[in-house]
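Text of data.pdb (PDB, C-alpha atoms) as supplied:
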```pdb
ATOM      1  CA  MET A   1      23.924 -14.275  51.756  1.00  0.00           C
ATOM      2  CA  PRO A   2      21.897 -14.043  54.977  1.00  0.00           C
ATOM      3  CA  LYS A   3      19.664 -17.007  55.681  1.00  0.00           C
ATOM      4  CA  GLY A   4      16.045 -16.563  54.667  1.00  0.00           C
ATOM      5  CA  LYS A   5      16.765 -13.561  52.445  1.00  0.00           C
ATOM      6  CA  ARG A   6      16.503 -13.922  48.719  1.00  0.00           C
ATOM      7  CA  ILE A   7      17.474 -11.623  45.922  1.00  0.00           C
ATOM      8  CA  ILE A   8      15.211 -11.842  42.917  1.00  0.00           C
ATOM      9  CA  ILE A   9      15.669  -9.624  39.892  1.00  0.00           C
ATOM     10  CA  ASN A  10      12.512  -9.487  37.841  1.00  0.00           C
ATOM     11  CA  ARG A  11      13.356  -8.532  34.310  1.00  0.00           C
ATOM     12  CA  LYS A  12      12.559  -9.928  30.893  1.00  0.00           C
ATOM     13  CA  ILE A  13      15.464  -9.899  28.456  1.00  0.00           C
ATOM     14  CA  ASP A  14      14.298  -9.030  24.962  1.00  0.00           C
ATOM     15  CA  ASP A  15      17.393  -8.469  22.860  1.00  0.00           C
ATOM     16  CA  GLU A  16      16.962  -8.101  19.095  1.00  0.00           C
ATOM     17  CA  TYR A  17      20.551  -9.203  18.414  1.00  0.00           C
ATOM     18  CA  ILE A  18      20.054 -12.451  20.303  1.00  0.00           C
ATOM     19  CA  ASN A  19      16.641 -12.966  18.736  1.00  0.00           C
ATOM     20  CA  ARG A  20      18.161 -12.647  15.252  1.00  0.00           C
ATOM     21  CA  LEU A  21      21.010 -14.976  16.170  1.00  0.00           C
ATOM     22  CA  LYS A  22      18.617 -17.680  17.337  1.00  0.00           C
ATOM     23  CA  VAL A  23      16.546 -17.638  14.139  1.00  0.00           C
ATOM     24  CA  ILE A  24      19.473 -17.903  11.699  1.00  0.00           C
ATOM     25  CA  ASN A  25      18.600 -20.864   9.498  1.00  0.00           C
ATOM     26  CA  VAL A  26      21.818 -22.187   7.959  1.00  0.00           C
ATOM     27  CA  GLU A  27      20.087 -24.720   5.716  1.00  0.00           C
ATOM     28  CA  LYS A  28      17.721 -22.087   4.335  1.00  0.00           C
ATOM     29  CA  ILE A  29      20.604 -19.711   3.568  1.00  0.00           C
ATOM     30  CA  GLU A  30      22.541 -22.429   1.729  1.00  0.00           C
ATOM     31  CA  ASN A  31      19.449 -23.442  -0.241  1.00  0.00           C
ATOM     32  CA  ASN A  32      18.790 -19.828  -1.252  1.00  0.00           C
ATOM     33  CA  TYR A  33      22.292 -19.454  -2.660  1.00  0.00           C
ATOM     34  CA  GLU A  34      22.115 -22.839  -4.376  1.00  0.00           C
ATOM     35  CA  ASN A  35      18.869 -21.768  -6.029  1.00  0.00           C
ATOM     36  CA  ARG A  36      20.508 -18.526  -7.153  1.00  0.00           C
ATOM     37  CA  GLN A  37      23.388 -20.458  -8.698  1.00  0.00           C
ATOM     38  CA  ASN A  38      20.931 -22.712 -10.525  1.00  0.00           C
ATOM     39  CA  SER A  39      19.122 -19.630 -11.786  1.00  0.00           C
ATOM     40  CA  ILE A  40      22.414 -18.197 -13.061  1.00  0.00           C
ATOM     41  CA  SER A  41      23.178 -21.417 -14.925  1.00  0.00           C
ATOM     42  CA  SER A  42      19.730 -21.384 -16.527  1.00  0.00           C
ATOM     43  CA  SER A  43      19.890 -17.740 -17.657  1.00  0.00           C
ATOM     44  CA  LEU A  44      23.512 -18.144 -18.747  1.00  0.00           C
ATOM     45  CA  ALA A  45      22.551 -20.873 -21.219  1.00  0.00           C
ATOM     46  CA  ASN A  46      20.298 -18.403 -23.073  1.00  0.00           C
ATOM     47  CA  VAL A  47      22.910 -15.641 -23.082  1.00  0.00           C
ATOM     48  CA  TYR A  48      25.588 -18.083 -24.237  1.00  0.00           C
ATOM     49  CA  ASN A  49      23.467 -19.145 -27.221  1.00  0.00           C
ATOM     50  CA  GLU A  50      22.986 -15.506 -28.219  1.00  0.00           C
ATOM     51  CA  ALA A  51      26.728 -14.870 -27.843  1.00  0.00           C
ATOM     52  CA  GLN A  52      27.505 -17.845 -30.064  1.00  0.00           C
ATOM     53  CA  LYS A  53      25.256 -16.404 -32.790  1.00  0.00           C
ATOM     54  CA  LEU A  54      27.122 -13.098 -32.595  1.00  0.00           C
ATOM     55  CA  TYR A  55      30.403 -14.987 -32.876  1.00  0.00           C
ATOM     56  CA  GLN A  56      29.254 -16.976 -35.887  1.00  0.00           C
ATOM     57  CA  ASN A  57      28.003 -13.790 -37.581  1.00  0.00           C
ATOM     58  CA  LYS A  58      31.325 -12.067 -36.777  1.00  0.00           C
ATOM     59  CA  GLU A  59      29.460  -9.429 -34.764  1.00  0.00           C
ATOM     60  CA  LEU A  60      31.056 -10.350 -31.460  1.00  0.00           C
ATOM     61  CA  THR A  61      32.450  -7.428 -29.435  1.00  0.00           C
ATOM     62  CA  ASP A  62      33.037  -6.944 -25.728  1.00  0.00           C
ATOM     63  CA  ASP A  63      30.509  -4.087 -25.680  1.00  0.00           C
ATOM     64  CA  ALA A  64      27.849  -6.213 -27.374  1.00  0.00           C
ATOM     65  CA  LEU A  65      28.331  -9.007 -24.833  1.00  0.00           C
ATOM     66  CA  GLU A  66      28.376  -6.597 -21.908  1.00  0.00           C
ATOM     67  CA  LYS A  67      24.931  -5.353 -22.942  1.00  0.00           C
ATOM     68  CA  LYS A  68      23.779  -8.965 -22.657  1.00  0.00           C
ATOM     69  CA  GLY A  69      25.345  -9.306 -19.197  1.00  0.00           C
ATOM     70  CA  LEU A  70      28.692 -10.928 -20.016  1.00  0.00           C
ATOM     71  CA  TYR A  71      31.879  -9.192 -18.865  1.00  0.00           C
ATOM     72  CA  THR A  72      35.482  -9.771 -19.879  1.00  0.00           C
ATOM     73  CA  LEU A  73      37.656 -10.998 -16.987  1.00  0.00           C
ATOM     74  CA  GLN A  74      39.301  -7.578 -16.667  1.00  0.00           C
ATOM     75  CA  ASN A  75      36.000  -5.671 -16.677  1.00  0.00           C
ATOM     76  CA  ALA A  76      34.427  -8.186 -14.286  1.00  0.00           C
ATOM     77  CA  TYR A  77      37.355  -7.745 -11.918  1.00  0.00           C
ATOM     78  CA  GLU A  78      37.146  -3.942 -12.155  1.00  0.00           C
ATOM     79  CA  LEU A  79      33.413  -4.085 -11.333  1.00  0.00           C
ATOM     80  CA  LEU A  80      34.161  -6.118  -8.221  1.00  0.00           C
ATOM     81  CA  ARG A  81      36.916  -3.705  -7.158  1.00  0.00           C
ATOM     82  CA  GLN A  82      34.617  -0.705  -7.652  1.00  0.00           C
ATOM     83  CA  ASN A  83      32.246  -2.342  -5.177  1.00  0.00           C
ATOM     84  CA  ASN A  84      35.015  -2.751  -2.570  1.00  0.00           C
ATOM     85  CA  PHE A  85      35.479  -6.454  -3.211  1.00  0.00           C
ATOM     86  CA  GLU A  86      39.014  -7.109  -1.946  1.00  0.00           C
ATOM     87  CA  LEU A  87      40.578  -9.695  -4.229  1.00  0.00           C
ATOM     88  CA  SER A  88      43.749  -9.741  -6.323  1.00  0.00           C
ATOM     89  CA  PHE A  89      43.392 -10.312 -10.057  1.00  0.00           C
ATOM     90  CA  ARG A  90      45.488 -13.442  -9.708  1.00  0.00           C
ATOM     91  CA  ALA A  91      43.142 -14.840  -7.039  1.00  0.00           C
ATOM     92  CA  PHE A  92      40.165 -13.854  -9.203  1.00  0.00           C
ATOM     93  CA  GLY A  93      41.666 -15.743 -12.147  1.00  0.00           C
ATOM     94  CA  GLY A  94      42.271 -18.740  -9.893  1.00  0.00           C
ATOM     95  CA  ARG A  95      38.606 -18.851  -8.926  1.00  0.00           C
ATOM     96  CA  ILE A  96      37.663 -18.684 -12.604  1.00  0.00           C
ATOM     97  CA  GLU A  97      39.984 -21.620 -13.395  1.00  0.00           C
ATOM     98  CA  ARG A  98      38.612 -23.691 -10.517  1.00  0.00           C
ATOM     99  CA  GLY A  99      35.033 -22.919 -11.535  1.00  0.00           C
ATOM    100  CA  THR A 100      34.082 -21.329  -8.209  1.00  0.00           C
ATOM    101  CA  ILE A 101      33.153 -18.230 -10.232  1.00  0.00           C
ATOM    102  CA  THR A 102      30.900 -19.104 -13.167  1.00  0.00           C
ATOM    103  CA  SER A 103      32.256 -18.170 -16.587  1.00  0.00           C
ATOM    104  CA  VAL A 104      31.861 -19.121 -20.250  1.00  0.00           C
ATOM    105  CA  LYS A 105      34.171 -19.114 -23.235  1.00  0.00           C
ATOM    106  CA  VAL A 106      32.944 -17.400 -26.382  1.00  0.00           C
ATOM    107  CA  GLY A 107      35.363 -17.463 -29.288  1.00  0.00           C
ATOM    108  CA  LYS A 108      38.840 -17.205 -27.798  1.00  0.00           C
ATOM    109  CA  LYS A 109      37.883 -15.172 -24.726  1.00  0.00           C
ATOM    110  CA  ARG A 110      36.335 -16.036 -21.397  1.00  0.00           C
ATOM    111  CA  TYR A 111      33.451 -14.008 -19.953  1.00  0.00           C
ATOM    112  CA  VAL A 112      31.760 -13.751 -16.552  1.00  0.00           C
ATOM    113  CA  PRO A 113      27.973 -13.266 -16.229  1.00  0.00           C
ATOM    114  CA  VAL A 114      26.912 -10.175 -14.297  1.00  0.00           C
ATOM    115  CA  ASP A 115      24.519 -12.312 -12.204  1.00  0.00           C
ATOM    116  CA  SER A 116      27.521 -14.259 -10.907  1.00  0.00           C
ATOM    117  CA  LEU A 117      29.260 -10.986  -9.979  1.00  0.00           C
ATOM    118  CA  ASN A 118      26.145  -9.798  -8.164  1.00  0.00           C
ATOM    119  CA  VAL A 119      26.090 -12.992  -6.112  1.00  0.00           C
ATOM    120  CA  LEU A 120      29.732 -12.445  -5.161  1.00  0.00           C
ATOM    121  CA  MET A 121      29.043  -8.878  -4.074  1.00  0.00           C
ATOM    122  CA  ASN A 122      25.987  -9.951  -2.098  1.00  0.00           C
ATOM    123  CA  ILE A 123      28.048 -12.627  -0.357  1.00  0.00           C
ATOM    124  CA  LYS A 124      30.541  -9.939   0.693  1.00  0.00           C
ATOM    125  CA  ASP A 125      27.679  -7.846   2.097  1.00  0.00           C
ATOM    126  CA  ASP A 126      26.036 -10.763   3.916  1.00  0.00           C
ATOM    127  CA  PHE A 127      28.976 -12.830   5.188  1.00  0.00           C
ATOM    128  CA  TYR A 128      32.448 -12.764   6.703  1.00  0.00           C
ATOM    129  CA  SER A 129      35.157 -15.258   5.868  1.00  0.00           C
ATOM    130  CA  VAL A 130      35.969 -17.401   8.921  1.00  0.00           C
ATOM    131  CA  LYS A 131      39.205 -15.465   9.461  1.00  0.00           C
ATOM    132  CA  ASP A 132      37.520 -12.052   9.180  1.00  0.00           C
ATOM    133  CA  ALA A 133      34.710 -13.196  11.487  1.00  0.00           C
ATOM    134  CA  PHE A 134      37.276 -14.291  14.084  1.00  0.00           C
ATOM    135  CA  GLU A 135      39.267 -11.052  13.855  1.00  0.00           C
ATOM    136  CA  THR A 136      36.111  -8.949  14.209  1.00  0.00           C
ATOM    137  CA  TYR A 137      34.888 -10.952  17.197  1.00  0.00           C
ATOM    138  CA  GLN A 138      38.287 -11.091  18.884  1.00  0.00           C
ATOM    139  CA  LYS A 139      38.338  -7.288  19.172  1.00  0.00           C
ATOM    140  CA  PHE A 140      35.587  -7.628  21.777  1.00  0.00           C
ATOM    141  CA  ASN A 141      36.565 -11.021  23.173  1.00  0.00           C
ATOM    142  CA  PRO A 142      40.399 -10.930  23.177  1.00  0.00           C
ATOM    143  CA  LYS A 143      40.697 -14.132  25.218  1.00  0.00           C
ATOM    144  CA  ILE A 144      39.456 -16.344  22.405  1.00  0.00           C
ATOM    145  CA  ASN A 145      42.011 -17.762  19.964  1.00  0.00           C
ATOM    146  CA  TYR A 146      41.519 -18.841  16.363  1.00  0.00           C
ATOM    147  CA  ARG A 147      41.541 -22.546  17.188  1.00  0.00           C
ATOM    148  CA  ALA A 148      38.801 -22.102  19.790  1.00  0.00           C
ATOM    149  CA  PHE A 149      36.746 -20.050  17.337  1.00  0.00           C
ATOM    150  CA  ILE A 150      37.059 -22.796  14.716  1.00  0.00           C
ATOM    151  CA  GLY A 151      35.945 -25.259  17.399  1.00  0.00           C
ATOM    152  CA  ARG A 152      32.788 -23.232  17.996  1.00  0.00           C
ATOM    153  CA  ILE A 153      32.059 -23.277  14.278  1.00  0.00           C
ATOM    154  CA  GLU A 154      32.540 -27.047  14.167  1.00  0.00           C
ATOM    155  CA  LYS A 155      30.178 -27.445  17.135  1.00  0.00           C
ATOM    156  CA  THR A 156      27.706 -25.056  15.419  1.00  0.00           C
ATOM    157  CA  SER A 157      27.626 -22.686  18.383  1.00  0.00           C
ATOM    158  CA  VAL A 158      28.795 -20.115  15.821  1.00  0.00           C
ATOM    159  CA  PRO A 159      26.512 -20.437  12.754  1.00  0.00           C
ATOM    160  CA  SER A 160      28.291 -20.903   9.434  1.00  0.00           C
ATOM    161  CA  VAL A 161      27.344 -21.827   5.894  1.00  0.00           C
ATOM    162  CA  LYS A 162      29.169 -23.435   3.019  1.00  0.00           C
ATOM    163  CA  ILE A 163      28.714 -21.652  -0.287  1.00  0.00           C
ATOM    164  CA  GLY A 164      30.588 -23.233  -3.142  1.00  0.00           C
ATOM    165  CA  THR A 165      33.818 -24.476  -1.590  1.00  0.00           C
ATOM    166  CA  LYS A 166      34.093 -21.752   1.034  1.00  0.00           C
ATOM    167  CA  ARG A 167      32.827 -21.670   4.610  1.00  0.00           C
ATOM    168  CA  LEU A 168      31.376 -18.320   5.648  1.00  0.00           C
ATOM    169  CA  VAL A 169      29.888 -16.778   8.789  1.00  0.00           C
ATOM    170  CA  PRO A 170      26.723 -14.639   8.462  1.00  0.00           C
ATOM    171  CA  ARG A 171      27.360 -11.005   9.384  1.00  0.00           C
ATOM    172  CA  GLU A 172      24.238 -11.085  11.573  1.00  0.00           C
ATOM    173  CA  ALA A 173      25.828 -13.836  13.654  1.00  0.00           C
ATOM    174  CA  VAL A 174      29.072 -11.885  14.090  1.00  0.00           C
ATOM    175  CA  ASP A 175      27.138  -8.711  14.955  1.00  0.00           C
ATOM    176  CA  ALA A 176      25.231 -10.639  17.616  1.00  0.00           C
ATOM    177  CA  LEU A 177      28.356 -12.285  19.040  1.00  0.00           C
ATOM    178  CA  THR A 178      30.206  -8.970  19.319  1.00  0.00           C
ATOM    179  CA  HIS A 179      27.120  -7.416  20.929  1.00  0.00           C
ATOM    180  CA  ILE A 180      27.038 -10.218  23.491  1.00  0.00           C
ATOM    181  CA  ALA A 181      30.759  -9.821  24.188  1.00  0.00           C
ATOM    182  CA  LYS A 182      30.250  -6.079  24.791  1.00  0.00           C
ATOM    183  CA  THR A 183      27.090  -6.168  26.881  1.00  0.00           C
ATOM    184  CA  TYR A 184      26.940  -9.555  28.627  1.00  0.00           C
ATOM    185  CA  TYR A 185      28.975 -11.586  31.099  1.00  0.00           C
ATOM    186  CA  ASN A 186      29.197 -15.335  30.924  1.00  0.00           C
ATOM    187  CA  VAL A 187      28.754 -17.257  34.182  1.00  0.00           C
ATOM    188  CA  THR A 188      32.456 -17.252  35.028  1.00  0.00           C
ATOM    189  CA  GLN A 189      32.765 -13.514  34.433  1.00  0.00           C
ATOM    190  CA  SER A 190      29.640 -12.841  36.503  1.00  0.00           C
ATOM    191  CA  ILE A 191      31.043 -14.755  39.475  1.00  0.00           C
ATOM    192  CA  GLN A 192      34.335 -12.903  39.099  1.00  0.00           C
ATOM    193  CA  GLN A 193      32.501  -9.576  39.361  1.00  0.00           C
ATOM    194  CA  LEU A 194      30.799 -10.743  42.557  1.00  0.00           C
ATOM    195  CA  HIS A 195      34.105 -11.849  44.044  1.00  0.00           C
ATOM    196  CA  LYS A 196      35.732  -8.502  43.133  1.00  0.00           C
ATOM    197  CA  ALA A 197      33.008  -6.790  45.153  1.00  0.00           C
ATOM    198  CA  GLY A 198      33.766  -9.014  48.147  1.00  0.00           C
ATOM    199  CA  ILE A 199      30.740 -11.258  47.712  1.00  0.00           C
ATOM    200  CA  GLY A 200      31.650 -14.885  48.295  1.00  0.00           C
ATOM    201  CA  ILE A 201      29.576 -17.317  46.277  1.00  0.00           C
ATOM    202  CA  LYS A 202      30.418 -20.695  44.797  1.00  0.00           C
ATOM    203  CA  ARG A 203      29.707 -21.509  41.204  1.00  0.00           C
ATOM    204  CA  ASN A 204      27.174 -24.256  41.937  1.00  0.00           C
ATOM    205  CA  ALA A 205      25.232 -21.906  44.238  1.00  0.00           C
ATOM    206  CA  PHE A 206      25.211 -19.243  41.541  1.00  0.00           C
ATOM    207  CA  GLU A 207      24.110 -21.766  38.926  1.00  0.00           C
ATOM    208  CA  ARG A 208      21.230 -22.795  41.191  1.00  0.00           C
ATOM    209  CA  ARG A 209      19.984 -19.207  41.254  1.00  0.00           C
ATOM    210  CA  LEU A 210      20.011 -19.218  37.476  1.00  0.00           C
ATOM    211  CA  ASP A 211      18.201 -22.568  37.387  1.00  0.00           C
ATOM    212  CA  ARG A 212      15.493 -21.145  39.669  1.00  0.00           C
ATOM    213  CA  LYS A 213      15.218 -18.049  37.421  1.00  0.00           C
ATOM    214  CA  ARG A 214      16.019 -15.675  40.250  1.00  0.00           C
ATOM    215  CA  ILE A 215      18.548 -13.913  38.028  1.00  0.00           C
ATOM    216  CA  PRO A 216      17.581 -13.094  34.426  1.00  0.00           C
ATOM    217  CA  HIS A 217      19.875 -14.527  31.768  1.00  0.00           C
ATOM    218  CA  VAL A 218      19.851 -15.887  28.237  1.00  0.00           C
ATOM    219  CA  LYS A 219      21.054 -19.218  26.929  1.00  0.00           C
ATOM    220  CA  ILE A 220      22.935 -19.327  23.636  1.00  0.00           C
ATOM    221  CA  ALA A 221      24.379 -22.549  22.226  1.00  0.00           C
ATOM    222  CA  GLY A 222      24.355 -24.169  25.667  1.00  0.00           C
ATOM    223  CA  ARG A 223      26.070 -21.223  27.412  1.00  0.00           C
ATOM    224  CA  ARG A 224      24.387 -18.828  29.813  1.00  0.00           C
ATOM    225  CA  TYR A 225      24.933 -15.075  29.647  1.00  0.00           C
ATOM    226  CA  LEU A 226      23.854 -12.274  31.979  1.00  0.00           C
ATOM    227  CA  PRO A 227      23.482  -8.623  30.966  1.00  0.00           C
ATOM    228  CA  ILE A 228      26.212  -6.523  32.561  1.00  0.00           C
ATOM    229  CA  ASP A 229      23.663  -4.205  34.195  1.00  0.00           C
ATOM    230  CA  VAL A 230      21.918  -7.235  35.739  1.00  0.00           C
ATOM    231  CA  VAL A 231      25.192  -8.317  37.345  1.00  0.00           C
ATOM    232  CA  ASP A 232      25.750  -4.719  38.535  1.00  0.00           C
ATOM    233  CA  GLU A 233      22.280  -4.726  40.114  1.00  0.00           C
ATOM    234  CA  LEU A 234      22.979  -8.091  41.737  1.00  0.00           C
ATOM    235  CA  VAL A 235      26.220  -6.742  43.248  1.00  0.00           C
ATOM    236  CA  GLU A 236      24.387  -3.685  44.652  1.00  0.00           C
ATOM    237  CA  LYS A 237      21.649  -5.806  46.220  1.00  0.00           C
ATOM    238  CA  GLU A 238      24.135  -8.260  47.713  1.00  0.00           C
ATOM    239  CA  LEU A 239      26.145  -5.423  49.258  1.00  0.00           C
ATOM    240  CA  ALA A 240      22.966  -3.839  50.610  1.00  0.00           C
ATOM    241  CA  LEU A 241      22.024  -7.122  52.285  1.00  0.00           C
ATOM    242  CA  LYS A 242      25.456  -7.385  53.887  1.00  0.00           C
ATOM    243  CA  LYS A 243      24.965  -3.973  55.496  1.00  0.00           C
TER     244      LYS A 243
END
```

Take the structure I supplied and represent it as structure tokens, if you would.
Amino acid sequence: MPKGKRIIINRKIDDEYINRLKVINVEKIENNYENRQNSISSSLANVYNEAQKLYQNKELTDDALEKKGLYTLQNAYELLRQNNFELSFRAFGGRIERGTITSVKVGKKRYVPVDSLNVLMNIKDDFYSVKDAFETYQKFNPKINYRAFIGRIEKTSVPSVKIGTKRLVPREAVDALTHIAKTYYNVTQSIQQLHKAGIGIKRNAFERRLDRKRIPHVKIAGRRYLPIDVVDELVEKELALKK
């Protein structure tokens, strides 16, 4: 870059995806779901007492319990499947046995409260499993491998929550990460674009421009990212200066 000439790109980055990513409160999410589980346990106690009365009076039927919000295992599973919850019946039964899905035994049969099913379906709508989150993100960032993704979760640069015994990644976080992968360059990628255009610049010199806020960028989990169109503008201005 010619001596005495500076390139300054004045632009404020206001990205709703990044804003939502930065305000994800993992502890609050976990507390909300814990409170919902406690609420299920409390309401289930009342329903269970009513079910026991039906059993003692020999009035117990699956239809009668379903009206009170208790489903047989088969009907509970069918309800989940109807709502696109991908789970085999065997895996569903395993969760029941391990207690990760709340259930009660009335008479000789086991039943699942509808509130517990609703929580499961909401979890599916709000979260990805770690594997699904990785596979979704990798489509837009093919260079990352599963081990590296797990490392980011462990370092909390990818937000995750633990609900029950399972670790999950909020869909909002994955949406934001894929958006960043599609529309931003990291520092290394930005320098590569400059070099491809024939603009020689060392990394420390580029980092200094970022430090001095001469090039707009965002910082996420300790990493700096530049919008692709900002890098394109920088390339154009650098080439113009060379002429």

For a quick check of understanding, using only C-alpha atoms, which of A:Lys124, A:Lys131, A:Arg208, A:Lys68 has the smallest distance to A:Tyr111? A:Lys68

Identify all residues satisfying the PyMOL selection byres ((chain A and resi 139-151) around 12) in the given file; provide them as a ChimeraX atom specification. /A:129-138,152-160,167-169,174-186

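Residues having any atom no farther than 9 Å from (23.3, -17.9, 31.8) (counting only C-alpha atoms) are Tyr185, Asn186, Val187, Glu207, Leu210, Asp211, Ile215, Pro216, His217, Val218, Lys219, Ile220, Gly222, Arg223, Arg224, Tyr225 and Leu226 of chain A.
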
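Here atom CA of A:Gln52 and atom CA of A:Pro113 stand 14.6 Å from one another.
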
Taking the file above as input, evaluate the PyMOL selection byres ((chain A and resi 37) around 12) and report the hits as a PyMOL selection string. chain A and resi 30-36+38-44+100-102+113+115-120+163-164

Point-to-point distance in Å for atom CA of A:Asn84 and atom CA of A:Ile24: 26.0 Å

Proximity check stretch 90-133 of chain A to stretch 59-63 of chain A, 12 Å, nearest pairs one decimal Å, all atoms listed in the file, as a tab-separated table:
```
residue	atom	partner	partner_atom	distance
A:Val106	CA	A:Leu60	CA	8.9
A:Gly107	CA	A:Leu60	CA	8.6
A:Lys108	CA	A:Leu60	CA	11.0
A:Lys109	CA	A:Asp62	CA	9.6
A:Arg110	CA	A:Asp62	CA	10.6
A:Tyr111	CA	A:Asp62	CA	9.1
A:Val112	CA	A:Asp62	CA	11.5
```

Residues from last step as file, C-alpha atoms, as an mmCIF file, in the frame of the given file:
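Contents of part17.cif, freshly written:
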```cif
data_model
loop_
_atom_site.group_PDB
_atom_site.id
_atom_site.type_symbol
_atom_site.label_atom_id
_atom_site.label_comp_id
_atom_site.auth_asym_id
_atom_site.auth_seq_id
_atom_site.Cartn_x
_atom_site.Cartn_y
_atom_site.Cartn_z
ATOM 1 C CA VAL A 106 32.944 -17.400 -26.382
ATOM 2 C CA GLY A 107 35.363 -17.463 -29.288
ATOM 3 C CA LYS A 108 38.840 -17.205 -27.798
ATOM 4 C CA LYS A 109 37.883 -15.172 -24.726
ATOM 5 C CA ARG A 110 36.335 -16.036 -21.397
ATOM 6 C CA TYR A 111 33.451 -14.008 -19.953
ATOM 7 C CA VAL A 112 31.760 -13.751 -16.552
#
```

I need the output of the PyMOL selection byres ((chain A and resi 231) around 10) for this file as JSON, numbers by chain; which residues are they? {"A": [9, 184, 185, 189, 190, 191, 193, 194, 215, 216, 217, 226, 227, 228, 229, 230, 232, 233, 234, 235, 236, 237]}

Report the centre and edge lengths, in Å to one decimal, of an axis-aligned box enclosing every atom of stretch 223-234 of chain A listed in the file, padded by 3 Å on each side, as AutoDock Vina command-line options.
```
--center_x 24.1 --center_y -12.7 --center_z 34.6 --size_x 10.3 --size_y 23.0 --size_z 20.3
```

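Computed from the coordinates, the atom CA of A:Asn49 to atom CA of A:Glu66 distance equals 14.5 Å.
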
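Distance check against A:Leu79 using all atoms listed in the file: of A:Ala240, A:Glu172, A:Val114, A:Ile7, the minimum falls on A:Val114.
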
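Proximity to A:Arg11 was assessed for A:Gln74, A:Leu239, A:Arg214, A:Asn204 counting all atoms listed in the file; the smallest distance is recorded for A:Arg214.
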
Can you give me all heavy atoms for stretch 204-209 of chain A, written as an mmCIF file, in the coordinates of the input?
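Okay, rebuild.cif is ready:
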```cif
data_model
loop_
_atom_site.group_PDB
_atom_site.id
_atom_site.type_symbol
_atom_site.label_atom_id
_atom_site.label_comp_id
_atom_site.auth_asym_id
_atom_site.auth_seq_id
_atom_site.Cartn_x
_atom_site.Cartn_y
_atom_site.Cartn_z
ATOM 1 N N ASN A 204 28.399 -23.439 41.947
ATOM 2 C CA ASN A 204 27.174 -24.256 41.937
ATOM 3 C C ASN A 204 26.002 -23.531 42.587
ATOM 4 O O ASN A 204 24.851 -23.686 42.188
ATOM 5 C CB ASN A 204 27.413 -25.622 42.576
ATOM 6 C CG ASN A 204 27.926 -25.530 44.000
ATOM 7 O OD1 ASN A 204 28.155 -24.429 44.520
ATOM 8 N ND2 ASN A 204 28.117 -26.681 44.642
ATOM 9 N N ALA A 205 26.299 -22.687 43.600
ATOM 10 C CA ALA A 205 25.232 -21.906 44.238
ATOM 11 C C ALA A 205 24.707 -20.853 43.261
ATOM 12 O O ALA A 205 23.496 -20.604 43.187
ATOM 13 C CB ALA A 205 25.758 -21.233 45.500
ATOM 14 N N PHE A 206 25.619 -20.248 42.522
ATOM 15 C CA PHE A 206 25.211 -19.243 41.541
ATOM 16 C C PHE A 206 24.385 -19.883 40.433
ATOM 17 O O PHE A 206 23.366 -19.340 39.999
ATOM 18 C CB PHE A 206 26.458 -18.563 40.962
ATOM 19 C CG PHE A 206 26.152 -17.391 40.078
ATOM 20 C CD1 PHE A 206 25.787 -16.169 40.617
ATOM 21 C CD2 PHE A 206 26.228 -17.509 38.700
ATOM 22 C CE1 PHE A 206 25.505 -15.077 39.810
ATOM 23 C CE2 PHE A 206 25.942 -16.430 37.875
ATOM 24 C CZ PHE A 206 25.589 -15.210 38.436
ATOM 25 N N GLU A 207 24.840 -21.049 39.976
ATOM 26 C CA GLU A 207 24.110 -21.766 38.926
ATOM 27 C C GLU A 207 22.696 -22.133 39.384
ATOM 28 O O GLU A 207 21.754 -22.104 38.594
ATOM 29 C CB GLU A 207 24.874 -23.039 38.534
ATOM 30 C CG GLU A 207 26.228 -22.796 37.882
ATOM 31 C CD GLU A 207 26.156 -22.753 36.371
ATOM 32 O OE1 GLU A 207 25.051 -22.633 35.830
ATOM 33 O OE2 GLU A 207 27.223 -22.843 35.735
ATOM 34 N N ARG A 208 22.562 -22.457 40.677
ATOM 35 C CA ARG A 208 21.230 -22.795 41.191
ATOM 36 C C ARG A 208 20.298 -21.587 41.108
ATOM 37 O O ARG A 208 19.106 -21.739 40.815
ATOM 38 C CB ARG A 208 21.318 -23.290 42.644
ATOM 39 C CG ARG A 208 21.741 -24.743 42.767
ATOM 40 C CD ARG A 208 21.377 -25.314 44.130
ATOM 41 N NE ARG A 208 22.019 -24.580 45.207
ATOM 42 C CZ ARG A 208 23.224 -24.844 45.687
ATOM 43 N NH1 ARG A 208 23.932 -25.834 45.152
ATOM 44 N NH2 ARG A 208 23.731 -24.148 46.691
ATOM 45 N N ARG A 209 20.820 -20.404 41.370
ATOM 46 C CA ARG A 209 19.984 -19.207 41.254
ATOM 47 C C ARG A 209 19.510 -19.020 39.811
ATOM 48 O O ARG A 209 18.364 -18.620 39.567
ATOM 49 C CB ARG A 209 20.772 -17.960 41.676
ATOM 50 C CG ARG A 209 21.142 -17.919 43.143
ATOM 51 C CD ARG A 209 21.564 -16.520 43.484
ATOM 52 N NE ARG A 209 22.262 -16.449 44.764
ATOM 53 C CZ ARG A 209 22.696 -15.321 45.298
ATOM 54 N NH1 ARG A 209 22.512 -14.182 44.671
ATOM 55 N NH2 ARG A 209 23.334 -15.315 46.456
#
```
